[in-house]
Amino acid sequence: MAGSSWQVISYNNGREAVTSLIIGTEITANFGEDGQLTGNASCNNYFASYETEGDSISIGPVGATEMF
């Protein structure tokens, strides 16, 4: 996972459903070698620490800019 970059195409909306992004928007996730997760969710950037163990990942706490 470390050193990889992802582009989100769908996500769990927390109400037992997987949904697509709004057309024209983009969410990225960059997993740094240093255990830092950074990315962009449309007009805002976010950042967090992450840890992996086996096939599990722990993320948080998360901070974000508030551009909107």
# chains A, B, ... in the order shown; residues from 1 in each chain; ligands from 1
call {"tool": "residues_around", "arguments": {"residues": "Ser10 of chain A", "least_positions_apart": "6", "cutoff": "12 Å", "atoms": "only C-alpha atoms", "output": "list in words"}}
result
Ala17, Val18, Thr19, Ser20, Leu21, Ile22, Ile23, Thr25, Glu26, Ile27 and Thr28 of chain A
call {"tool": "residues_around", "arguments": {"residues": "segment 64-68 of chain A", "least_positions_apart": "3", "cutoff": "7 Å", "atoms": "only C-alpha atoms", "output": "ChimeraX atom specification"}}
result
/A:43-47
call {"tool": "atom_distance", "arguments": {"atom1": "atom CA of Asn12 of chain A", "atom2": "atom CA of Glu53 of chain A"}}
result
22.0 Å
call {"tool": "atom_distance", "arguments": {"atom1": "atom CA of Ser5 of chain A", "atom2": "atom CA of Gly54 of chain A"}}
result
19.2 Å
call {"tool": "residues_around", "arguments": {"residues": "Ile59 of chain A", "least_positions_apart": "4", "cutoff": "7 Å", "atoms": "only C-alpha atoms", "output": "CSV table (one decimal) with N, CA and C atoms, in the first residue's frame"}}
result
chain,number,residue,atom,x,y,z
A,48,ALA,N,-4.2,12.3,6.9
A,48,ALA,CA,-4.4,11.5,8.1
A,48,ALA,C,-3.1,10.5,8.2
A,49,SER,N,-3.0,9.9,9.3
A,49,SER,CA,-2.0,8.8,9.4
A,49,SER,C,-2.7,7.5,9.0
A,50,TYR,N,-1.9,6.5,8.7
A,50,TYR,CA,-2.5,5.2,8.4
A,50,TYR,C,-1.5,4.1,8.8
A,51,GLU,N,-2.0,3.0,9.2
A,51,GLU,CA,-1.2,1.8,9.5
A,51,GLU,C,-1.8,0.6,8.9
call {"tool": "atom_distance", "arguments": {"atom1": "atom CA of Pro61 of chain A", "atom2": "atom CA of Gln7 of chain A"}}
result
20.6 Å
call {"tool": "select_by_dssp", "arguments": {"residues": "chain A", "states": "strand (DSSP E)", "output": "number ranges by chain"}}
result
A: 4-7, 10-12, 18-20, 28-31, 36-41, 44-53, 56-64
call {"tool": "write_last_selection", "arguments": {"atoms": "N, CA, C and O atoms", "output": "short mmCIF file (atom, residue, chain, number, x, y, z; two decimals), in the first residue's frame"}}
result
data_model
loop_
_atom_site.label_atom_id
_atom_site.label_comp_id
_atom_site.auth_asym_id
_atom_site.auth_seq_id
_atom_site.Cartn_x
_atom_site.Cartn_y
_atom_site.Cartn_z
N SER A 4 1.54 4.01 -2.94
CA SER A 4 0.52 3.89 -3.98
C SER A 4 -0.44 5.09 -3.97
O SER A 4 -0.60 5.76 -2.97
N SER A 5 -1.04 5.34 -5.11
CA SER A 5 -2.04 6.40 -5.27
C SER A 5 -3.31 5.79 -5.83
O SER A 5 -3.25 4.99 -6.77
N TRP A 6 -4.43 6.18 -5.28
CA TRP A 6 -5.72 5.65 -5.70
C TRP A 6 -6.63 6.78 -6.15
O TRP A 6 -6.53 7.91 -5.69
N GLN A 7 -7.55 6.45 -7.05
CA GLN A 7 -8.61 7.37 -7.44
C GLN A 7 -9.93 6.66 -7.12
O GLN A 7 -10.19 5.56 -7.59
N SER A 10 -16.14 4.76 -6.41
CA SER A 10 -17.38 4.60 -5.66
C SER A 10 -17.01 4.44 -4.19
O SER A 10 -15.86 4.21 -3.85
N TYR A 11 -18.00 4.59 -3.32
CA TYR A 11 -17.74 4.51 -1.88
C TYR A 11 -18.99 4.06 -1.14
O TYR A 11 -20.10 4.16 -1.64
N ASN A 12 -18.78 3.56 0.08
CA ASN A 12 -19.89 3.16 0.96
C ASN A 12 -20.42 4.44 1.60
O ASN A 12 -19.68 5.15 2.27
N VAL A 18 -23.38 1.28 -1.77
CA VAL A 18 -22.20 1.79 -2.46
C VAL A 18 -22.70 2.71 -3.55
O VAL A 18 -23.62 2.37 -4.30
N THR A 19 -22.13 3.91 -3.62
CA THR A 19 -22.60 4.91 -4.56
C THR A 19 -21.44 5.47 -5.38
O THR A 19 -20.30 5.43 -4.94
N SER A 20 -21.73 5.96 -6.56
CA SER A 20 -20.73 6.59 -7.43
C SER A 20 -20.53 8.03 -7.02
O SER A 20 -21.36 8.63 -6.33
N THR A 28 -9.06 11.56 -4.52
CA THR A 28 -7.80 10.83 -4.61
C THR A 28 -7.33 10.42 -3.22
O THR A 28 -7.71 11.02 -2.22
N ALA A 29 -6.48 9.41 -3.18
CA ALA A 29 -5.87 8.95 -1.93
C ALA A 29 -4.43 8.55 -2.23
O ALA A 29 -4.19 7.72 -3.11
N ASN A 30 -3.48 9.17 -1.54
CA ASN A 30 -2.06 8.90 -1.73
C ASN A 30 -1.49 8.36 -0.42
O ASN A 30 -1.50 9.05 0.59
N PHE A 31 -1.03 7.12 -0.45
CA PHE A 31 -0.49 6.46 0.73
C PHE A 31 1.02 6.60 0.74
O PHE A 31 1.72 5.94 -0.03
N GLN A 36 1.68 8.43 6.06
CA GLN A 36 0.75 9.55 5.93
C GLN A 36 -0.14 9.34 4.71
O GLN A 36 0.34 9.00 3.63
N LEU A 37 -1.43 9.55 4.89
CA LEU A 37 -2.41 9.49 3.82
C LEU A 37 -2.81 10.92 3.49
O LEU A 37 -3.17 11.69 4.38
N THR A 38 -2.71 11.30 2.23
CA THR A 38 -3.13 12.62 1.78
C THR A 38 -3.99 12.46 0.55
O THR A 38 -3.92 11.45 -0.14
N GLY A 39 -4.79 13.46 0.27
CA GLY A 39 -5.61 13.38 -0.92
C GLY A 39 -6.43 14.63 -1.13
O GLY A 39 -6.33 15.60 -0.37
N ASN A 40 -7.22 14.57 -2.17
CA ASN A 40 -8.07 15.68 -2.54
C ASN A 40 -9.48 15.14 -2.76
O ASN A 40 -9.67 14.10 -3.37
N ALA A 41 -10.46 15.89 -2.24
CA ALA A 41 -11.86 15.54 -2.43
C ALA A 41 -12.55 16.78 -2.98
O ALA A 41 -13.02 17.63 -2.24
N ASN A 44 -11.37 20.38 -1.54
CA ASN A 44 -10.67 20.29 -0.26
C ASN A 44 -9.61 19.20 -0.25
O ASN A 44 -9.76 18.17 -0.89
N ASN A 45 -8.55 19.45 0.50
CA ASN A 45 -7.50 18.46 0.72
C ASN A 45 -7.72 17.82 2.08
O ASN A 45 -8.28 18.44 2.99
N TYR A 46 -7.29 16.58 2.23
CA TYR A 46 -7.39 15.92 3.53
C TYR A 46 -6.08 15.22 3.83
O TYR A 46 -5.25 15.00 2.95
N PHE A 47 -5.91 14.88 5.10
CA PHE A 47 -4.66 14.25 5.55
C PHE A 47 -4.94 13.43 6.80
O PHE A 47 -5.84 13.74 7.58
N ALA A 48 -4.20 12.35 6.94
CA ALA A 48 -4.36 11.46 8.10
C ALA A 48 -3.14 10.55 8.18
O ALA A 48 -2.38 10.43 7.21
N SER A 49 -2.99 9.89 9.29
CA SER A 49 -1.99 8.83 9.38
C SER A 49 -2.70 7.51 9.05
O SER A 49 -3.92 7.42 9.11
N TYR A 50 -1.91 6.52 8.66
CA TYR A 50 -2.49 5.19 8.43
C TYR A 50 -1.48 4.12 8.84
O TYR A 50 -0.27 4.36 8.88
N GLU A 51 -2.00 2.95 9.18
CA GLU A 51 -1.18 1.79 9.51
C GLU A 51 -1.80 0.57 8.86
O GLU A 51 -3.02 0.47 8.76
N THR A 52 -0.95 -0.33 8.41
CA THR A 52 -1.43 -1.60 7.86
C THR A 52 -0.90 -2.75 8.72
O THR A 52 0.19 -2.67 9.27
N GLU A 53 -1.71 -3.79 8.82
CA GLU A 53 -1.29 -5.01 9.49
C GLU A 53 -2.00 -6.16 8.79
O GLU A 53 -3.23 -6.25 8.81
N SER A 56 -5.39 -5.65 6.85
CA SER A 56 -6.20 -4.60 7.48
C SER A 56 -5.50 -3.26 7.41
O SER A 56 -4.27 -3.19 7.41
N ILE A 57 -6.29 -2.18 7.36
CA ILE A 57 -5.77 -0.83 7.38
C ILE A 57 -6.53 -0.03 8.43
O ILE A 57 -7.74 -0.18 8.57
N SER A 58 -5.80 0.79 9.17
CA SER A 58 -6.40 1.72 10.14
C SER A 58 -6.04 3.13 9.71
O SER A 58 -4.88 3.41 9.43
N ILE A 59 -7.04 4.00 9.65
CA ILE A 59 -6.85 5.38 9.21
C ILE A 59 -7.41 6.32 10.28
O ILE A 59 -8.50 6.10 10.78
N GLY A 60 -6.66 7.39 10.57
CA GLY A 60 -7.23 8.42 11.41
C GLY A 60 -6.31 8.90 12.50
O GLY A 60 -5.26 8.32 12.70
N PRO A 61 -6.68 9.96 13.15
CA PRO A 61 -7.81 10.83 12.82
C PRO A 61 -7.54 11.62 11.53
O PRO A 61 -6.39 11.77 11.13
N VAL A 62 -8.60 12.11 10.93
CA VAL A 62 -8.51 12.79 9.63
C VAL A 62 -8.71 14.29 9.82
O VAL A 62 -9.57 14.72 10.56
N GLY A 63 -7.90 15.08 9.12
CA GLY A 63 -8.06 16.52 9.07
C GLY A 63 -8.32 16.93 7.63
O GLY A 63 -7.99 16.20 6.71
N ALA A 64 -8.91 18.10 7.44
CA ALA A 64 -9.22 18.56 6.08
C ALA A 64 -9.26 20.07 6.03
O ALA A 64 -9.55 20.73 7.04
#
call {"tool": "decode", "arguments": {"residues": "segment 10-56 of chain A", "atoms": "C-alpha atoms", "output": "PDB file, in the first residue's frame"}}
result
ATOM      1  CA  SER A  10     -17.378   4.596  -5.660  1.00  0.00           C
ATOM      2  CA  TYR A  11     -17.740   4.513  -1.879  1.00  0.00           C
ATOM      3  CA  ASN A  12     -19.887   3.162   0.957  1.00  0.00           C
ATOM      4  CA  ASN A  13     -22.253   5.966   1.918  1.00  0.00           C
ATOM      5  CA  GLY A  14     -22.698   4.639   5.478  1.00  0.00           C
ATOM      6  CA  ARG A  15     -26.305   3.627   4.798  1.00  0.00           C
ATOM      7  CA  GLU A  16     -25.558   0.130   3.503  1.00  0.00           C
ATOM      8  CA  ALA A  17     -25.101   1.260  -0.092  1.00  0.00           C
ATOM      9  CA  VAL A  18     -22.198   1.786  -2.459  1.00  0.00           C
ATOM     10  CA  THR A  19     -22.602   4.912  -4.564  1.00  0.00           C
ATOM     11  CA  SER A  20     -20.729   6.592  -7.426  1.00  0.00           C
ATOM     12  CA  LEU A  21     -19.172  10.027  -7.213  1.00  0.00           C
ATOM     13  CA  ILE A  22     -21.041  13.089  -8.424  1.00  0.00           C
ATOM     14  CA  ILE A  23     -20.284  13.591 -12.126  1.00  0.00           C
ATOM     15  CA  GLY A  24     -17.377  15.990 -12.572  1.00  0.00           C
ATOM     16  CA  THR A  25     -15.881  15.386  -9.113  1.00  0.00           C
ATOM     17  CA  GLU A  26     -12.775  13.452  -8.122  1.00  0.00           C
ATOM     18  CA  ILE A  27     -11.416  11.948  -4.899  1.00  0.00           C
ATOM     19  CA  THR A  28      -7.802  10.831  -4.607  1.00  0.00           C
ATOM     20  CA  ALA A  29      -5.868   8.950  -1.926  1.00  0.00           C
ATOM     21  CA  ASN A  30      -2.065   8.895  -1.726  1.00  0.00           C
ATOM     22  CA  PHE A  31      -0.492   6.457   0.733  1.00  0.00           C
ATOM     23  CA  GLY A  32       2.963   7.754   1.631  1.00  0.00           C
ATOM     24  CA  GLU A  33       5.931   5.612   2.598  1.00  0.00           C
ATOM     25  CA  ASP A  34       5.959   7.581   5.887  1.00  0.00           C
ATOM     26  CA  GLY A  35       2.516   6.364   7.026  1.00  0.00           C
ATOM     27  CA  GLN A  36       0.746   9.549   5.931  1.00  0.00           C
ATOM     28  CA  LEU A  37      -2.414   9.490   3.815  1.00  0.00           C
ATOM     29  CA  THR A  38      -3.129  12.623   1.783  1.00  0.00           C
ATOM     30  CA  GLY A  39      -5.615  13.377  -0.923  1.00  0.00           C
ATOM     31  CA  ASN A  40      -8.072  15.682  -2.543  1.00  0.00           C
ATOM     32  CA  ALA A  41     -11.861  15.543  -2.429  1.00  0.00           C
ATOM     33  CA  SER A  42     -13.053  18.065  -5.001  1.00  0.00           C
ATOM     34  CA  CYS A  43     -12.101  21.499  -3.602  1.00  0.00           C
ATOM     35  CA  ASN A  44     -10.668  20.293  -0.258  1.00  0.00           C
ATOM     36  CA  ASN A  45      -7.501  18.459   0.722  1.00  0.00           C
ATOM     37  CA  TYR A  46      -7.394  15.921   3.529  1.00  0.00           C
ATOM     38  CA  PHE A  47      -4.662  14.255   5.547  1.00  0.00           C
ATOM     39  CA  ALA A  48      -4.359  11.463   8.102  1.00  0.00           C
ATOM     40  CA  SER A  49      -1.992   8.825   9.379  1.00  0.00           C
ATOM     41  CA  TYR A  50      -2.487   5.188   8.428  1.00  0.00           C
ATOM     42  CA  GLU A  51      -1.185   1.791   9.513  1.00  0.00           C
ATOM     43  CA  THR A  52      -1.434  -1.600   7.864  1.00  0.00           C
ATOM     44  CA  GLU A  53      -1.293  -5.010   9.488  1.00  0.00           C
ATOM     45  CA  GLY A  54      -1.813  -8.057   7.329  1.00  0.00           C
ATOM     46  CA  ASP A  55      -4.830  -7.327   5.152  1.00  0.00           C
ATOM     47  CA  SER A  56      -6.205  -4.603   7.477  1.00  0.00           C
TER      48      SER A  56
END
